[in-house]
Amino acid sequence: MARNDDDGLEAVTTGAMGFVAFGNLPFAVTSEKVKSGLLAGDELGQSVFAESGDGAYRALRT
């Protein structure tokens, strides 16, 4: 999914908000925090890919 896929991000965020264990965390989990975390994870992954390539991923897939 692309980071600018608003409908996809909304669907994933909505699904994640149904995770009942979020209620056991010592902080509030909001849909905005979930979306922000998804986007931050994508940004990190993109930076690792830019620096290191995808050799390790491809090695797992062969």
# chains A, B, ... in the order shown; residues from 1 in each chain; ligands from 1
call {"tool": "select_by_dssp", "arguments": {"residues": "chain A", "states": "alpha helix (DSSP H)", "output": "PDB file with N, CA and C atoms, in the first residue's frame"}}
result
ATOM      1  N   ASP A   6      -5.001   7.021   1.208  1.00  0.00           N
ATOM      2  CA  ASP A   6      -5.786   7.407   2.388  1.00  0.00           C
ATOM      3  C   ASP A   6      -6.843   6.374   2.747  1.00  0.00           C
ATOM      4  N   ASP A   7      -7.502   5.802   1.754  1.00  0.00           N
ATOM      5  CA  ASP A   7      -8.532   4.793   2.041  1.00  0.00           C
ATOM      6  C   ASP A   7      -7.919   3.545   2.656  1.00  0.00           C
ATOM      7  N   GLY A   8      -6.775   3.116   2.132  1.00  0.00           N
ATOM      8  CA  GLY A   8      -6.092   1.958   2.687  1.00  0.00           C
ATOM      9  C   GLY A   8      -5.612   2.199   4.106  1.00  0.00           C
ATOM     10  N   LEU A   9      -5.010   3.353   4.337  1.00  0.00           N
ATOM     11  CA  LEU A   9      -4.551   3.690   5.689  1.00  0.00           C
ATOM     12  C   LEU A   9      -5.723   3.759   6.663  1.00  0.00           C
ATOM     13  N   GLU A  10      -6.825   4.298   6.220  1.00  0.00           N
ATOM     14  CA  GLU A  10      -8.015   4.381   7.073  1.00  0.00           C
ATOM     15  C   GLU A  10      -8.528   2.987   7.411  1.00  0.00           C
ATOM     16  N   ALA A  11      -8.533   2.085   6.427  1.00  0.00           N
ATOM     17  CA  ALA A  11      -8.997   0.721   6.668  1.00  0.00           C
ATOM     18  C   ALA A  11      -8.098  -0.005   7.668  1.00  0.00           C
ATOM     19  N   VAL A  12      -6.786   0.120   7.503  1.00  0.00           N
ATOM     20  CA  VAL A  12      -5.852  -0.537   8.419  1.00  0.00           C
ATOM     21  C   VAL A  12      -5.966   0.069   9.817  1.00  0.00           C
ATOM     22  N   THR A  13      -6.051   1.375   9.882  1.00  0.00           N
ATOM     23  CA  THR A  13      -6.175   2.053  11.173  1.00  0.00           C
ATOM     24  C   THR A  13      -7.456   1.641  11.886  1.00  0.00           C
ATOM     25  N   THR A  14      -8.548   1.604  11.154  1.00  0.00           N
ATOM     26  CA  THR A  14      -9.833   1.204  11.742  1.00  0.00           C
ATOM     27  C   THR A  14      -9.764  -0.231  12.244  1.00  0.00           C
ATOM     28  N   GLY A  15      -9.166  -1.111  11.456  1.00  0.00           N
ATOM     29  CA  GLY A  15      -9.012  -2.494  11.886  1.00  0.00           C
ATOM     30  C   GLY A  15      -8.150  -2.620  13.131  1.00  0.00           C
ATOM     31  N   ALA A  16      -7.069  -1.878  13.170  1.00  0.00           N
ATOM     32  CA  ALA A  16      -6.168  -1.926  14.327  1.00  0.00           C
ATOM     33  C   ALA A  16      -6.851  -1.418  15.585  1.00  0.00           C
ATOM     34  N   MET A  17      -7.711  -0.433  15.441  1.00  0.00           N
ATOM     35  CA  MET A  17      -8.393   0.121  16.615  1.00  0.00           C
ATOM     36  C   MET A  17      -9.334  -0.893  17.258  1.00  0.00           C
ATOM     37  N   SER A  31      -6.650   6.589  16.862  1.00  0.00           N
ATOM     38  CA  SER A  31      -6.458   6.262  15.445  1.00  0.00           C
ATOM     39  C   SER A  31      -5.359   7.128  14.837  1.00  0.00           C
ATOM     40  N   GLU A  32      -5.220   8.354  15.321  1.00  0.00           N
ATOM     41  CA  GLU A  32      -4.155   9.222  14.798  1.00  0.00           C
ATOM     42  C   GLU A  32      -2.776   8.688  15.182  1.00  0.00           C
ATOM     43  N   LYS A  33      -2.642   8.152  16.402  1.00  0.00           N
ATOM     44  CA  LYS A  33      -1.361   7.564  16.811  1.00  0.00           C
ATOM     45  C   LYS A  33      -1.047   6.319  15.991  1.00  0.00           C
ATOM     46  N   VAL A  34      -2.058   5.505  15.718  1.00  0.00           N
ATOM     47  CA  VAL A  34      -1.847   4.308  14.909  1.00  0.00           C
ATOM     48  C   VAL A  34      -1.404   4.704  13.504  1.00  0.00           C
ATOM     49  N   LYS A  35      -2.101   5.647  12.900  1.00  0.00           N
ATOM     50  CA  LYS A  35      -1.747   6.094  11.548  1.00  0.00           C
ATOM     51  C   LYS A  35      -0.347   6.698  11.539  1.00  0.00           C
ATOM     52  N   SER A  36      -0.031   7.495  12.535  1.00  0.00           N
ATOM     53  CA  SER A  36       1.289   8.098  12.628  1.00  0.00           C
ATOM     54  C   SER A  36       2.369   7.021  12.749  1.00  0.00           C
ATOM     55  N   GLY A  37       2.095   5.985  13.531  1.00  0.00           N
ATOM     56  CA  GLY A  37       3.044   4.886  13.686  1.00  0.00           C
ATOM     57  C   GLY A  37       3.249   4.126  12.391  1.00  0.00           C
ATOM     58  N   LEU A  38       2.176   3.904  11.642  1.00  0.00           N
ATOM     59  CA  LEU A  38       2.296   3.239  10.348  1.00  0.00           C
ATOM     60  C   LEU A  38       3.160   4.054   9.396  1.00  0.00           C
ATOM     61  N   LEU A  39       2.921   5.346   9.346  1.00  0.00           N
ATOM     62  CA  LEU A  39       3.683   6.206   8.449  1.00  0.00           C
ATOM     63  C   LEU A  39       5.146   6.312   8.880  1.00  0.00           C
ATOM     64  N   ALA A  40       5.392   6.346  10.197  1.00  0.00           N
ATOM     65  CA  ALA A  40       6.772   6.395  10.694  1.00  0.00           C
ATOM     66  C   ALA A  40       7.496   5.096  10.360  1.00  0.00           C
ATOM     67  N   GLY A  41       6.814   3.954  10.477  1.00  0.00           N
ATOM     68  CA  GLY A  41       7.411   2.677  10.116  1.00  0.00           C
ATOM     69  C   GLY A  41       7.745   2.612   8.638  1.00  0.00           C
ATOM     70  N   ASP A  42       6.857   3.145   7.806  1.00  0.00           N
ATOM     71  CA  ASP A  42       7.121   3.191   6.373  1.00  0.00           C
ATOM     72  C   ASP A  42       8.332   4.068   6.071  1.00  0.00           C
ATOM     73  N   GLU A  43       8.403   5.205   6.721  1.00  0.00           N
ATOM     74  CA  GLU A  43       9.533   6.114   6.500  1.00  0.00           C
ATOM     75  C   GLU A  43      10.848   5.441   6.871  1.00  0.00           C
ATOM     76  N   LEU A  44      10.861   4.741   7.996  1.00  0.00           N
ATOM     77  CA  LEU A  44      12.067   4.027   8.415  1.00  0.00           C
ATOM     78  C   LEU A  44      12.424   2.935   7.398  1.00  0.00           C
ATOM     79  N   GLY A  45      11.439   2.171   6.990  1.00  0.00           N
ATOM     80  CA  GLY A  45      11.691   1.122   6.011  1.00  0.00           C
ATOM     81  C   GLY A  45      12.223   1.665   4.700  1.00  0.00           C
ATOM     82  N   GLN A  46      11.669   2.776   4.256  1.00  0.00           N
ATOM     83  CA  GLN A  46      12.134   3.381   3.015  1.00  0.00           C
ATOM     84  C   GLN A  46      13.581   3.871   3.147  1.00  0.00           C
ATOM     85  N   SER A  47      13.929   4.408   4.310  1.00  0.00           N
ATOM     86  CA  SER A  47      15.299   4.891   4.495  1.00  0.00           C
ATOM     87  C   SER A  47      16.292   3.732   4.555  1.00  0.00           C
ATOM     88  N   VAL A  48      15.910   2.623   5.197  1.00  0.00           N
ATOM     89  CA  VAL A  48      16.777   1.443   5.234  1.00  0.00           C
ATOM     90  C   VAL A  48      16.947   0.886   3.831  1.00  0.00           C
ATOM     91  N   PHE A  49      15.859   0.821   3.077  1.00  0.00           N
ATOM     92  CA  PHE A  49      15.933   0.343   1.703  1.00  0.00           C
ATOM     93  C   PHE A  49      16.859   1.228   0.872  1.00  0.00           C
ATOM     94  N   ALA A  50      16.746   2.541   1.030  1.00  0.00           N
ATOM     95  CA  ALA A  50      17.580   3.466   0.262  1.00  0.00           C
ATOM     96  C   ALA A  50      19.055   3.287   0.609  1.00  0.00           C
ATOM     97  N   GLU A  51      19.332   2.992   1.865  1.00  0.00           N
ATOM     98  CA  GLU A  51      20.719   2.852   2.313  1.00  0.00           C
ATOM     99  C   GLU A  51      21.284   1.467   2.030  1.00  0.00           C
ATOM    100  N   SER A  52      20.476   0.436   2.233  1.00  0.00           N
ATOM    101  CA  SER A  52      20.998  -0.931   2.191  1.00  0.00           C
ATOM    102  C   SER A  52      20.454  -1.789   1.056  1.00  0.00           C
ATOM    103  N   GLY A  55      18.462  -6.669  -0.522  1.00  0.00           N
ATOM    104  CA  GLY A  55      19.122  -7.966  -0.594  1.00  0.00           C
ATOM    105  C   GLY A  55      18.687  -8.934   0.494  1.00  0.00           C
ATOM    106  N   ALA A  56      18.578  -8.460   1.716  1.00  0.00           N
ATOM    107  CA  ALA A  56      18.189  -9.343   2.820  1.00  0.00           C
ATOM    108  C   ALA A  56      16.771  -9.854   2.624  1.00  0.00           C
ATOM    109  N   TYR A  57      15.866  -8.996   2.186  1.00  0.00           N
ATOM    110  CA  TYR A  57      14.484  -9.419   1.920  1.00  0.00           C
ATOM    111  C   TYR A  57      14.463 -10.458   0.801  1.00  0.00           C
ATOM    112  N   ARG A  58      15.190 -10.195  -0.261  1.00  0.00           N
ATOM    113  CA  ARG A  58      15.205 -11.120  -1.398  1.00  0.00           C
ATOM    114  C   ARG A  58      15.821 -12.468  -1.001  1.00  0.00           C
ATOM    115  N   ALA A  59      16.802 -12.450  -0.112  1.00  0.00           N
ATOM    116  CA  ALA A  59      17.417 -13.701   0.348  1.00  0.00           C
ATOM    117  C   ALA A  59      16.406 -14.573   1.090  1.00  0.00           C
ATOM    118  N   LEU A  60      15.455 -13.961   1.760  1.00  0.00           N
ATOM    119  CA  LEU A  60      14.415 -14.717   2.459  1.00  0.00           C
ATOM    120  C   LEU A  60      13.396 -15.304   1.492  1.00  0.00           C
TER     121      LEU A  60
END
